[in-house]
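Listing of query03.pdb; format and content: PDB, C-alpha atoms.
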```pdb
ATOM      1  CA  MET A  21     -85.595 -42.417  31.744
ATOM      2  CA  ASP A  22     -82.865 -44.186  29.781
ATOM      3  CA  SER A  23     -80.403 -41.582  28.512
ATOM      4  CA  THR A  24     -78.246 -44.079  26.646
ATOM      5  CA  VAL A  25     -77.617 -42.924  23.079
ATOM      6  CA  THR A  26     -77.784 -45.676  20.516
ATOM      7  CA  PRO A  27     -74.778 -45.377  18.224
ATOM      8  CA  ALA A  28     -75.505 -44.831  14.565
ATOM      9  CA  PRO A  29     -75.053 -47.929  12.410
ATOM     10  CA  PRO A  30     -71.827 -47.975  10.425
ATOM     11  CA  GLN A  31     -72.091 -46.356   7.013
ATOM     12  CA  ARG A  32     -72.398 -48.917   4.225
ATOM     13  CA  PHE A  33     -72.366 -46.784   1.096
ATOM     14  CA  PRO A  34     -70.444 -43.672   0.030
ATOM     15  CA  GLU A  35     -71.977 -40.261   0.378
ATOM     16  CA  PRO A  36     -72.600 -38.848  -3.138
ATOM     17  CA  SER A  37     -70.819 -35.613  -2.269
ATOM     18  CA  ALA A  38     -67.846 -37.592  -0.947
ATOM     19  CA  ALA A  39     -67.660 -39.642  -4.142
ATOM     20  CA  LEU A  40     -67.580 -36.426  -6.174
ATOM     21  CA  THR A  41     -64.847 -35.064  -3.924
ATOM     22  CA  LEU A  42     -62.892 -38.275  -4.446
ATOM     23  CA  LEU A  43     -63.028 -37.771  -8.232
ATOM     24  CA  LYS A  44     -61.699 -34.173  -7.849
ATOM     25  CA  PRO A  45     -63.443 -32.241 -10.655
ATOM     26  CA  ILE A  46     -60.987 -29.348 -10.263
ATOM     27  CA  THR A  47     -58.247 -31.562 -11.737
ATOM     28  CA  TRP A  48     -60.205 -32.355 -14.899
ATOM     29  CA  PHE A  49     -59.544 -29.021 -16.569
ATOM     30  CA  ALA A  50     -55.936 -29.692 -17.617
ATOM     31  CA  PRO A  51     -56.568 -32.904 -19.603
ATOM     32  CA  MET A  52     -59.807 -31.489 -21.041
ATOM     33  CA  TRP A  53     -57.871 -28.425 -22.257
ATOM     34  CA  ALA A  54     -55.183 -30.639 -23.796
ATOM     35  CA  PHE A  55     -57.887 -32.770 -25.433
ATOM     36  CA  MET A  56     -59.422 -29.668 -27.014
ATOM     37  CA  CYS A  57     -55.978 -28.644 -28.246
ATOM     38  CA  GLY A  58     -55.844 -32.018 -29.985
ATOM     39  CA  VAL A  59     -59.306 -31.440 -31.459
ATOM     40  CA  VAL A  60     -58.290 -28.019 -32.775
ATOM     41  CA  SER A  61     -54.934 -29.232 -34.127
ATOM     42  CA  SER A  62     -56.657 -31.943 -36.170
ATOM     43  CA  GLY A  63     -58.336 -29.333 -38.360
ATOM     44  CA  ALA A  64     -61.438 -31.523 -38.551
ATOM     45  CA  PRO A  65     -64.792 -29.672 -38.630
ATOM     46  CA  ILE A  66     -65.926 -29.793 -35.025
ATOM     47  CA  LEU A  67     -69.600 -29.291 -35.862
ATOM     48  CA  GLU A  68     -69.552 -32.369 -38.066
ATOM     49  CA  ARG A  69     -68.162 -34.546 -35.273
ATOM     50  CA  TRP A  70     -69.338 -32.640 -32.225
ATOM     51  CA  GLU A  71     -70.661 -35.762 -30.514
ATOM     52  CA  TYR A  72     -67.208 -37.368 -30.719
ATOM     53  CA  ALA A  73     -65.607 -34.226 -29.314
ATOM     54  CA  LEU A  74     -68.100 -34.156 -26.455
ATOM     55  CA  LEU A  75     -67.577 -37.819 -25.600
ATOM     56  CA  GLY A  76     -63.826 -37.288 -25.788
ATOM     57  CA  ILE A  77     -64.033 -34.450 -23.271
ATOM     58  CA  VAL A  78     -65.953 -36.751 -20.942
ATOM     59  CA  LEU A  79     -63.294 -39.422 -21.452
ATOM     60  CA  ALA A  80     -60.379 -37.072 -20.749
ATOM     61  CA  GLY A  81     -61.763 -35.405 -17.630
ATOM     62  CA  PRO A  82     -64.709 -37.013 -15.802
ATOM     63  CA  LEU A  83     -63.522 -40.541 -16.611
ATOM     64  CA  VAL A  84     -59.760 -41.080 -17.068
ATOM     65  CA  CYS A  85     -58.592 -38.162 -14.926
ATOM     66  CA  ALA A  86     -61.249 -38.883 -12.306
ATOM     67  CA  ALA A  87     -60.216 -42.544 -12.228
ATOM     68  CA  SER A  88     -56.613 -41.515 -11.604
ATOM     69  CA  GLN A  89     -57.706 -39.353  -8.671
ATOM     70  CA  ALA A  90     -59.698 -42.213  -7.116
ATOM     71  CA  VAL A  91     -56.742 -44.564  -7.545
ATOM     72  CA  ASN A  92     -54.417 -42.066  -5.914
ATOM     73  CA  ASP A  93     -56.684 -41.460  -2.927
ATOM     74  CA  TRP A  94     -57.161 -45.177  -2.330
ATOM     75  CA  PHE A  95     -53.464 -45.979  -2.237
ATOM     76  CA  ASP A  96     -52.723 -42.835  -0.218
ATOM     77  CA  ARG A  97     -55.453 -43.491   2.341
ATOM     78  CA  HIS A  98     -53.022 -44.346   5.153
ATOM     79  CA  VAL A  99     -50.965 -41.208   4.559
ATOM     80  CA  ASP A 100     -54.110 -39.092   4.257
ATOM     81  CA  ALA A 101     -55.336 -40.503   7.579
ATOM     82  CA  ILE A 102     -52.391 -38.663   9.160
ATOM     83  CA  ASN A 103     -52.041 -35.577   6.973
ATOM     84  CA  GLU A 104     -55.576 -35.024   5.637
ATOM     85  CA  PRO A 105     -58.018 -36.961   7.842
ATOM     86  CA  ASP A 106     -60.960 -35.076   6.347
ATOM     87  CA  ARG A 107     -60.401 -36.674   2.918
ATOM     88  CA  PRO A 108     -63.347 -38.870   1.834
ATOM     89  CA  ILE A 109     -61.708 -42.244   2.515
ATOM     90  CA  PRO A 110     -59.961 -41.698   5.889
ATOM     91  CA  SER A 111     -62.937 -39.694   7.180
ATOM     92  CA  GLY A 112     -65.228 -42.680   6.566
ATOM     93  CA  ARG A 113     -67.523 -40.812   4.187
ATOM     94  CA  ILE A 114     -66.415 -43.435   1.658
ATOM     95  CA  PRO A 115     -66.433 -46.561   3.824
ATOM     96  CA  GLY A 116     -64.773 -49.934   3.496
ATOM     97  CA  ARG A 117     -63.255 -50.702   0.121
ATOM     98  CA  TRP A 118     -65.594 -48.422  -1.812
ATOM     99  CA  GLY A 119     -62.708 -46.148  -2.773
ATOM    100  CA  LEU A 120     -61.065 -49.059  -4.574
ATOM    101  CA  TYR A 121     -64.355 -50.122  -6.157
ATOM    102  CA  ILE A 122     -64.938 -46.628  -7.522
ATOM    103  CA  ALA A 123     -61.418 -46.549  -8.968
ATOM    104  CA  ILE A 124     -61.963 -49.910 -10.691
ATOM    105  CA  VAL A 125     -65.412 -49.023 -12.046
ATOM    106  CA  TRP A 126     -64.195 -45.670 -13.393
ATOM    107  CA  THR A 127     -61.250 -47.403 -15.042
ATOM    108  CA  ILE A 128     -63.570 -49.898 -16.756
ATOM    109  CA  LEU A 129     -65.979 -47.161 -17.888
ATOM    110  CA  SER A 130     -63.034 -45.194 -19.306
ATOM    111  CA  ALA A 131     -61.784 -48.205 -21.259
ATOM    112  CA  LEU A 132     -65.236 -48.991 -22.656
ATOM    113  CA  LEU A 133     -65.829 -45.441 -23.897
ATOM    114  CA  ALA A 134     -62.326 -45.293 -25.363
ATOM    115  CA  LEU A 135     -62.962 -48.523 -27.276
ATOM    116  CA  ALA A 136     -66.165 -47.048 -28.672
ATOM    117  CA  LEU A 137     -64.259 -44.006 -29.943
ATOM    118  CA  GLY A 138     -61.726 -45.968 -31.969
ATOM    119  CA  PRO A 139     -58.654 -48.199 -31.706
ATOM    120  CA  TRP A 140     -56.059 -45.428 -31.335
ATOM    121  CA  VAL A 141     -58.187 -43.710 -28.710
ATOM    122  CA  ALA A 142     -58.379 -47.039 -26.891
ATOM    123  CA  VAL A 143     -54.587 -47.419 -27.027
ATOM    124  CA  ALA A 144     -54.041 -43.892 -25.708
ATOM    125  CA  ALA A 145     -56.581 -44.354 -22.914
ATOM    126  CA  ALA A 146     -55.034 -47.698 -21.958
ATOM    127  CA  ILE A 147     -51.626 -46.061 -21.607
ATOM    128  CA  GLY A 148     -53.132 -43.259 -19.541
ATOM    129  CA  LEU A 149     -54.957 -45.682 -17.253
ATOM    130  CA  VAL A 150     -51.876 -47.847 -16.772
ATOM    131  CA  LEU A 151     -49.895 -44.730 -15.843
ATOM    132  CA  ALA A 152     -52.633 -43.746 -13.388
ATOM    133  CA  TRP A 153     -52.407 -47.074 -11.575
ATOM    134  CA  ILE A 154     -48.636 -47.483 -11.511
ATOM    135  CA  TYR A 155     -48.258 -43.841 -10.448
ATOM    136  CA  SER A 156     -50.027 -44.577  -7.166
ATOM    137  CA  ALA A 157     -50.131 -48.346  -6.657
ATOM    138  CA  PRO A 158     -47.333 -50.496  -5.283
ATOM    139  CA  PRO A 159     -44.923 -51.897  -6.123
ATOM    140  CA  LEU A 160     -43.958 -49.211  -8.657
ATOM    141  CA  ARG A 161     -45.580 -46.097  -7.125
ATOM    142  CA  LEU A 162     -43.982 -43.748  -9.621
ATOM    143  CA  LYS A 163     -45.037 -40.803  -7.479
ATOM    144  CA  MET A 164     -42.310 -41.667  -4.976
ATOM    145  CA  ASN A 165     -39.671 -40.419  -7.430
ATOM    146  CA  GLY A 166     -39.696 -36.892  -8.804
ATOM    147  CA  TRP A 167     -38.483 -37.894 -12.245
ATOM    148  CA  THR A 168     -40.966 -40.688 -12.895
ATOM    149  CA  GLY A 169     -43.862 -39.160 -10.973
ATOM    150  CA  ALA A 170     -43.736 -35.801 -12.714
ATOM    151  CA  GLY A 171     -43.194 -37.550 -16.044
ATOM    152  CA  ALA A 172     -46.239 -39.769 -15.638
ATOM    153  CA  CYS A 173     -48.403 -36.792 -14.710
ATOM    154  CA  ALA A 174     -47.090 -34.700 -17.593
ATOM    155  CA  VAL A 175     -47.824 -37.387 -20.172
ATOM    156  CA  GLY A 176     -51.187 -38.211 -18.623
ATOM    157  CA  TYR A 177     -52.358 -34.611 -18.349
ATOM    158  CA  GLU A 178     -50.973 -33.186 -21.603
ATOM    159  CA  GLY A 179     -49.656 -35.579 -24.243
ATOM    160  CA  ILE A 180     -52.187 -38.393 -24.097
ATOM    161  CA  PRO A 181     -55.272 -36.126 -24.066
ATOM    162  CA  TRP A 182     -53.860 -34.066 -26.961
ATOM    163  CA  PHE A 183     -53.192 -37.221 -29.000
ATOM    164  CA  THR A 184     -56.655 -38.506 -28.087
ATOM    165  CA  GLY A 185     -58.373 -35.321 -29.226
ATOM    166  CA  ALA A 186     -56.722 -35.486 -32.637
ATOM    167  CA  ALA A 187     -57.342 -39.236 -32.969
ATOM    168  CA  VAL A 188     -61.022 -38.832 -32.082
ATOM    169  CA  MET A 189     -61.573 -36.168 -34.728
ATOM    170  CA  LEU A 190     -59.475 -37.789 -37.455
ATOM    171  CA  GLY A 191     -60.642 -41.330 -36.812
ATOM    172  CA  GLY A 192     -57.077 -42.627 -36.905
ATOM    173  CA  PHE A 193     -53.455 -41.985 -36.018
ATOM    174  CA  PRO A 194     -52.690 -38.223 -36.151
ATOM    175  CA  PRO A 195     -49.928 -36.753 -38.356
ATOM    176  CA  TRP A 196     -46.443 -36.795 -36.874
ATOM    177  CA  GLU A 197     -46.444 -33.024 -36.476
ATOM    178  CA  ILE A 198     -49.360 -33.265 -34.045
ATOM    179  CA  VAL A 199     -47.786 -36.162 -32.163
ATOM    180  CA  ALA A 200     -44.473 -34.290 -31.941
ATOM    181  CA  THR A 201     -46.125 -31.129 -30.620
ATOM    182  CA  ALA A 202     -48.117 -33.095 -28.032
ATOM    183  CA  GLY A 203     -44.898 -34.816 -26.974
ATOM    184  CA  LEU A 204     -43.022 -31.547 -26.660
ATOM    185  CA  TYR A 205     -45.698 -29.967 -24.491
ATOM    186  CA  SER A 206     -45.731 -33.136 -22.364
ATOM    187  CA  LEU A 207     -41.998 -32.785 -21.848
ATOM    188  CA  GLY A 208     -42.399 -29.159 -20.836
ATOM    189  CA  ALA A 209     -45.221 -30.075 -18.460
ATOM    190  CA  HIS A 210     -42.674 -32.093 -16.455
ATOM    191  CA  GLY A 211     -41.419 -28.727 -15.258
ATOM    192  CA  ILE A 212     -44.939 -27.653 -14.312
ATOM    193  CA  MET A 213     -45.396 -30.810 -12.255
ATOM    194  CA  THR A 214     -42.086 -30.150 -10.506
ATOM    195  CA  LEU A 215     -43.296 -26.672  -9.542
ATOM    196  CA  ASN A 216     -46.413 -28.272  -8.051
ATOM    197  CA  ASP A 217     -44.162 -30.242  -5.708
ATOM    198  CA  PHE A 218     -42.847 -27.106  -4.034
ATOM    199  CA  LYS A 219     -45.976 -26.807  -1.918
ATOM    200  CA  ALA A 220     -45.218 -30.040  -0.060
ATOM    201  CA  VAL A 221     -41.441 -30.176   0.338
ATOM    202  CA  GLU A 222     -41.449 -30.795   4.113
ATOM    203  CA  GLY A 223     -44.235 -33.359   3.924
ATOM    204  CA  ASP A 224     -42.587 -35.181   1.020
ATOM    205  CA  ARG A 225     -39.286 -35.306   2.877
ATOM    206  CA  GLU A 226     -40.955 -36.761   5.972
ATOM    207  CA  MET A 227     -42.880 -39.350   3.929
ATOM    208  CA  GLY A 228     -39.832 -40.422   1.912
ATOM    209  CA  ILE A 229     -41.184 -39.059  -1.378
ATOM    210  CA  LYS A 230     -38.166 -38.168  -3.494
ATOM    211  CA  SER A 231     -39.621 -35.201  -5.355
ATOM    212  CA  LEU A 232     -37.107 -33.099  -7.245
ATOM    213  CA  PRO A 233     -37.260 -30.205  -4.750
ATOM    214  CA  VAL A 234     -36.377 -32.770  -2.065
ATOM    215  CA  THR A 235     -33.592 -34.570  -3.940
ATOM    216  CA  LEU A 236     -32.061 -31.639  -5.836
ATOM    217  CA  GLY A 237     -32.835 -28.874  -3.416
ATOM    218  CA  VAL A 238     -35.296 -26.057  -3.936
ATOM    219  CA  ASP A 239     -33.052 -23.772  -6.000
ATOM    220  CA  ARG A 240     -31.708 -26.436  -8.387
ATOM    221  CA  ALA A 241     -35.161 -27.964  -8.874
ATOM    222  CA  ALA A 242     -36.609 -24.554  -9.773
ATOM    223  CA  LYS A 243     -33.872 -23.915 -12.335
ATOM    224  CA  LEU A 244     -34.402 -27.374 -13.819
ATOM    225  CA  ALA A 245     -38.166 -26.778 -14.047
ATOM    226  CA  CYS A 246     -37.556 -23.538 -15.938
ATOM    227  CA  TYR A 247     -35.225 -25.218 -18.423
ATOM    228  CA  VAL A 248     -37.604 -28.146 -18.881
ATOM    229  CA  MET A 249     -40.497 -25.784 -19.601
ATOM    230  CA  ALA A 250     -38.435 -23.568 -21.886
ATOM    231  CA  LEU A 251     -36.617 -25.945 -24.236
ATOM    232  CA  PRO A 252     -39.699 -27.740 -25.653
ATOM    233  CA  GLN A 253     -41.304 -24.375 -26.417
ATOM    234  CA  ILE A 254     -38.230 -23.380 -28.387
ATOM    235  CA  ALA A 255     -38.600 -26.633 -30.318
ATOM    236  CA  VAL A 256     -42.286 -25.864 -30.987
ATOM    237  CA  PHE A 257     -41.295 -22.412 -32.246
ATOM    238  CA  ILE A 258     -38.805 -24.004 -34.651
ATOM    239  CA  LEU A 259     -41.355 -26.603 -35.790
ATOM    240  CA  LEU A 260     -43.996 -23.965 -36.555
ATOM    241  CA  ALA A 261     -41.476 -21.843 -38.427
ATOM    242  CA  TRP A 262     -40.488 -24.942 -40.444
ATOM    243  CA  LEU A 263     -44.171 -25.568 -41.191
ATOM    244  CA  ASP A 264     -44.348 -22.070 -42.676
ATOM    245  CA  ALA A 265     -46.518 -20.655 -39.900
ATOM    246  CA  PRO A 266     -44.446 -17.566 -39.042
ATOM    247  CA  PHE A 267     -47.185 -15.532 -37.390
ATOM    248  CA  TYR A 268     -48.134 -18.387 -35.085
ATOM    249  CA  ALA A 269     -44.458 -19.001 -34.343
ATOM    250  CA  ALA A 270     -44.094 -15.320 -33.454
ATOM    251  CA  GLY A 271     -47.039 -15.640 -31.067
ATOM    252  CA  ILE A 272     -45.394 -18.603 -29.378
ATOM    253  CA  GLY A 273     -42.212 -16.569 -29.139
ATOM    254  CA  LEU A 274     -44.003 -13.685 -27.414
ATOM    255  CA  LEU A 275     -45.700 -15.972 -24.903
ATOM    256  CA  PHE A 276     -42.369 -17.658 -24.241
ATOM    257  CA  ALA A 277     -40.607 -14.307 -23.773
ATOM    258  CA  ALA A 278     -43.232 -13.295 -21.212
ATOM    259  CA  GLN A 279     -42.594 -16.530 -19.291
ATOM    260  CA  ILE A 280     -38.858 -15.859 -19.313
ATOM    261  CA  ALA A 281     -39.502 -12.361 -17.940
ATOM    262  CA  LEU A 282     -41.427 -13.864 -15.023
ATOM    263  CA  MET A 283     -38.844 -16.509 -14.138
ATOM    264  CA  PRO A 284     -36.415 -14.290 -12.139
ATOM    265  CA  ARG A 285     -39.097 -13.703  -9.506
ATOM    266  CA  LEU A 286     -39.675 -17.469  -9.299
ATOM    267  CA  LEU A 287     -35.982 -18.265  -9.025
ATOM    268  CA  ALA A 288     -35.425 -15.638  -6.334
ATOM    269  CA  ASN A 289     -37.703 -17.536  -3.946
ATOM    270  CA  PRO A 290     -38.951 -20.755  -5.550
ATOM    271  CA  LYS A 291     -40.790 -22.139  -2.548
ATOM    272  CA  GLU A 292     -42.833 -18.990  -2.044
ATOM    273  CA  GLN A 293     -43.308 -18.071  -5.702
ATOM    274  CA  ALA A 294     -44.017 -21.464  -7.316
ATOM    275  CA  ALA A 295     -47.774 -21.058  -6.922
ATOM    276  CA  TRP A 296     -47.568 -17.523  -8.322
ATOM    277  CA  TYR A 297     -45.605 -18.722 -11.336
ATOM    278  CA  ASN A 298     -48.072 -21.520 -11.964
ATOM    279  CA  ALA A 299     -50.833 -18.908 -12.057
ATOM    280  CA  THR A 300     -48.909 -16.644 -14.421
ATOM    281  CA  GLY A 301     -46.142 -18.328 -16.386
ATOM    282  CA  THR A 302     -47.916 -21.673 -16.617
ATOM    283  CA  SER A 303     -51.055 -19.924 -17.863
ATOM    284  CA  LEU A 304     -48.983 -18.456 -20.692
ATOM    285  CA  TYR A 305     -47.606 -21.930 -21.401
ATOM    286  CA  VAL A 306     -51.144 -23.324 -21.646
ATOM    287  CA  LEU A 307     -52.231 -20.507 -23.968
ATOM    288  CA  GLY A 308     -49.259 -21.400 -26.149
ATOM    289  CA  MET A 309     -50.604 -24.941 -26.414
ATOM    290  CA  LEU A 310     -53.866 -23.667 -27.900
ATOM    291  CA  LEU A 311     -52.059 -21.268 -30.224
ATOM    292  CA  SER A 312     -49.876 -24.134 -31.442
ATOM    293  CA  ALA A 313     -52.998 -26.203 -32.043
ATOM    294  CA  PHE A 314     -54.438 -23.509 -34.296
ATOM    295  CA  ALA A 315     -51.081 -23.269 -36.057
ATOM    296  CA  LEU A 316     -51.064 -27.003 -36.791
ATOM    297  CA  SER A 317     -54.643 -26.891 -38.011
ATOM    298  CA  SER A 318     -53.773 -24.073 -40.395
ATOM    299  CA  ALA A 319     -50.471 -25.515 -41.607
ATOM    300  CA  LEU A 320     -51.588 -29.121 -42.061
ATOM    301  CA  ASN A 321     -54.816 -28.244 -43.795
ATOM    302  CA  ALA A 322     -53.552 -25.516 -46.080
ATOM    303  CA  PRO A 323     -54.376 -26.006 -49.793
ATOM    304  CA  ALA A 324     -51.595 -27.661 -51.760
ATOM    305  CA  GLY A 325     -49.363 -24.996 -53.260
ATOM    306  CA  GLY A 326     -50.484 -22.352 -50.739
ATOM    307  CA  VAL A 327     -51.667 -18.890 -51.619
TER     308      VAL A 327
END
```

Could you spell out this file's structure in structure tokens?
Amino acid sequence: MDSTVTPAPPQRFPEPSAALTLLKPITWFAPMWAFMCGVVSSGAPILERWEYALLGIVLAGPLVCAASQAVNDWFDRHVDAINEPDRPIPSGRIPGRWGLYIAIVWTILSALLALALGPWVAVAAAIGLVLAWIYSAPPLRLKMNGWTGAGACAVGYEGIPWFTGAAVMLGGFPPWEIVATAGLYSLGAHGIMTLNDFKAVEGDREMGIKSLPVTLGVDRAAKLACYVMALPQIAVFILLAWLDAPFYAAGIGLLFAAQIALMPRLLANPKEQAAWYNATGTSLYVLGMLLSAFALSSALNAPAGGV
């Protein structure tokens, strides 16, 4: 009896579960949250344009963000083959060049939906998609530098989705107050992205990735992240007070004070406590985004002359 085992033919198409893993649904929440902050800040009646809001959520998370994840995994496939061989591409569950094809198709789908939602949405999505590609793809590979990598992520995850949410609901370019607030929270998110880099300091150093914890040292990078998160929130507080939204400004101040109270524990041991701070202080930061969105909606849509 022949006991020879016939080898299985090489896999030709991606496994559906592997494709979903490649698109990393867990990462979609941040841009979807920022998009909804933009929707709220616009003050537009959501029920009257609910279909636009729904399509915008799909654009922010399952399309643009997912495309960025596919792009990143494709260009990191050689590194992942060493550090994370179970990832969809190095494991072979996404064979051949399918990882690249998925990234390209998702990019095209994102651009087409953005065009359908309006010119300013298309512009914002185009910027986000360009950032996604140059973040991971050579020759630029912004991710190799802590300043540019964290900046690209911060803008892509916070500012662009917020702008997009407002543009979708308003059907045009949002007021400068909304754009300024989205920009400020993007700037602060640079600090959040720096804290995310603390989990891979040794690996980044070995791979030549110049994250801020690698180039500045753990302690200095943690202090910088705290300042970068704090200063834009102070600016938002001042903006809301200037817009005559004192109660909302006070709420931002309380959330900010709670973050400050948590920072000493982070700074005492940044490498060990970065994940804890992201679960606590960053959550307060994100709640402040939504509170600011409601403040803008109230201030920018108040009746002329006030009450």

Next item on the list: Figure out the distance between CA of Tyr72 in chain A and CA of Val84 in chain A, please, to one decimal in Å.
Entry: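 One can read the CA of Val84 in chain A to CA of Tyr72 in chain A distance as 16.0 Å.
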
Margin query: Around (-45.6, -28.0, -5.9), as given in the file, which residues come within 12 Å? Count only C-alpha atoms and list them as JSON, numbers by chain.
Written below: {"A": [166, 170, 210, 211, 212, 213, 214, 215, 216, 217, 218, 219, 220, 221, 222, 223, 224, 231, 232, 233, 234, 238, 241, 242, 245, 290, 291, 292, 293, 294, 295, 296, 297, 298]}

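Atom pair CA of Val188 in chain A / CA of Leu83 in chain A: separated by 15.8 Å.
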
Axis-aligned box for range 42-60 of chain A, 6 Å per side, centre and edges in Å as JSON:
```
{"center_x": -59.3, "center_y": -33.1, "center_z": -18.6, "size_x": 20.3, "size_y": 22.3, "size_z": 40.3}
```

Margin query: the PyMOL selection byres ((chain A and resi 95) around 12) - which residues does that actually catch in the file I just gave you? List them as a ChimeraX atom specification.
Written below: /A:88-94,96-101,109-110,117,119-120,123,152-161,163

Next item on the list: Check the smallest atom-to-atom distance from each of A:Pro45, A:Gly228, A:Pro284, A:Gly191 to Ala136 in chain A using only C-alpha atoms, then report the winner.
Entry: A:Gly191

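Coordinates place CA of Ile114 in chain A at a distance of 24.1 Å from CA of Leu151 in chain A.
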
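Distances to Leu287 in chain A were evaluated for A:Ser318, A:Ile77, A:Leu207, A:Asp239 using only C-alpha atoms, and the minimum falls at A:Asp239.
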
Next item on the list: Return as a ChimeraX atom specification the set of residues that the PyMOL selection byres ((chain A and resi 65-67) around 12) yields on the displayed structure.
Entry: /A:56,58-64,68-74,185-186,188-190,317,321

Notebook entry, point to check: Using only C-alpha atoms, which of the listed residues (A:Val248, A:Ala209, A:Met283, A:Ala265) sits closest to Ala319 in chain A?
Noted result: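 Under the stated criterion, the closest residue is A:Ala265.
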
Notebook entry, point to check: What lies within 9 Å of Pro34 in chain A using only C-alpha atoms, ignoring chain neighbours under 6 positions off, as a PyMOL selection string?
Noted result: chain A and resi 108+112-115+118-119

Margin query: If we count all atoms listed in the file and set the cut-off at 12 Å, which residues sit around Val78 in chain A, ignoring sequence neighbours fewer than 2 positions away in its own chain? Please answer as a PyMOL selection string.
Written below: chain A and resi 45+48-49+51-53+55-56+71-76+80-87+126+129-130+133-134+137+181+184-185

Note to self: When the PyMOL selection byres ((chain A and resi 175) around 9) is applied to the structure above, which residues does it catch, written out as number ranges by chain?
What the structure shows: A: 148, 151, 170-174, 176-181, 202-203, 205-207, 209-210
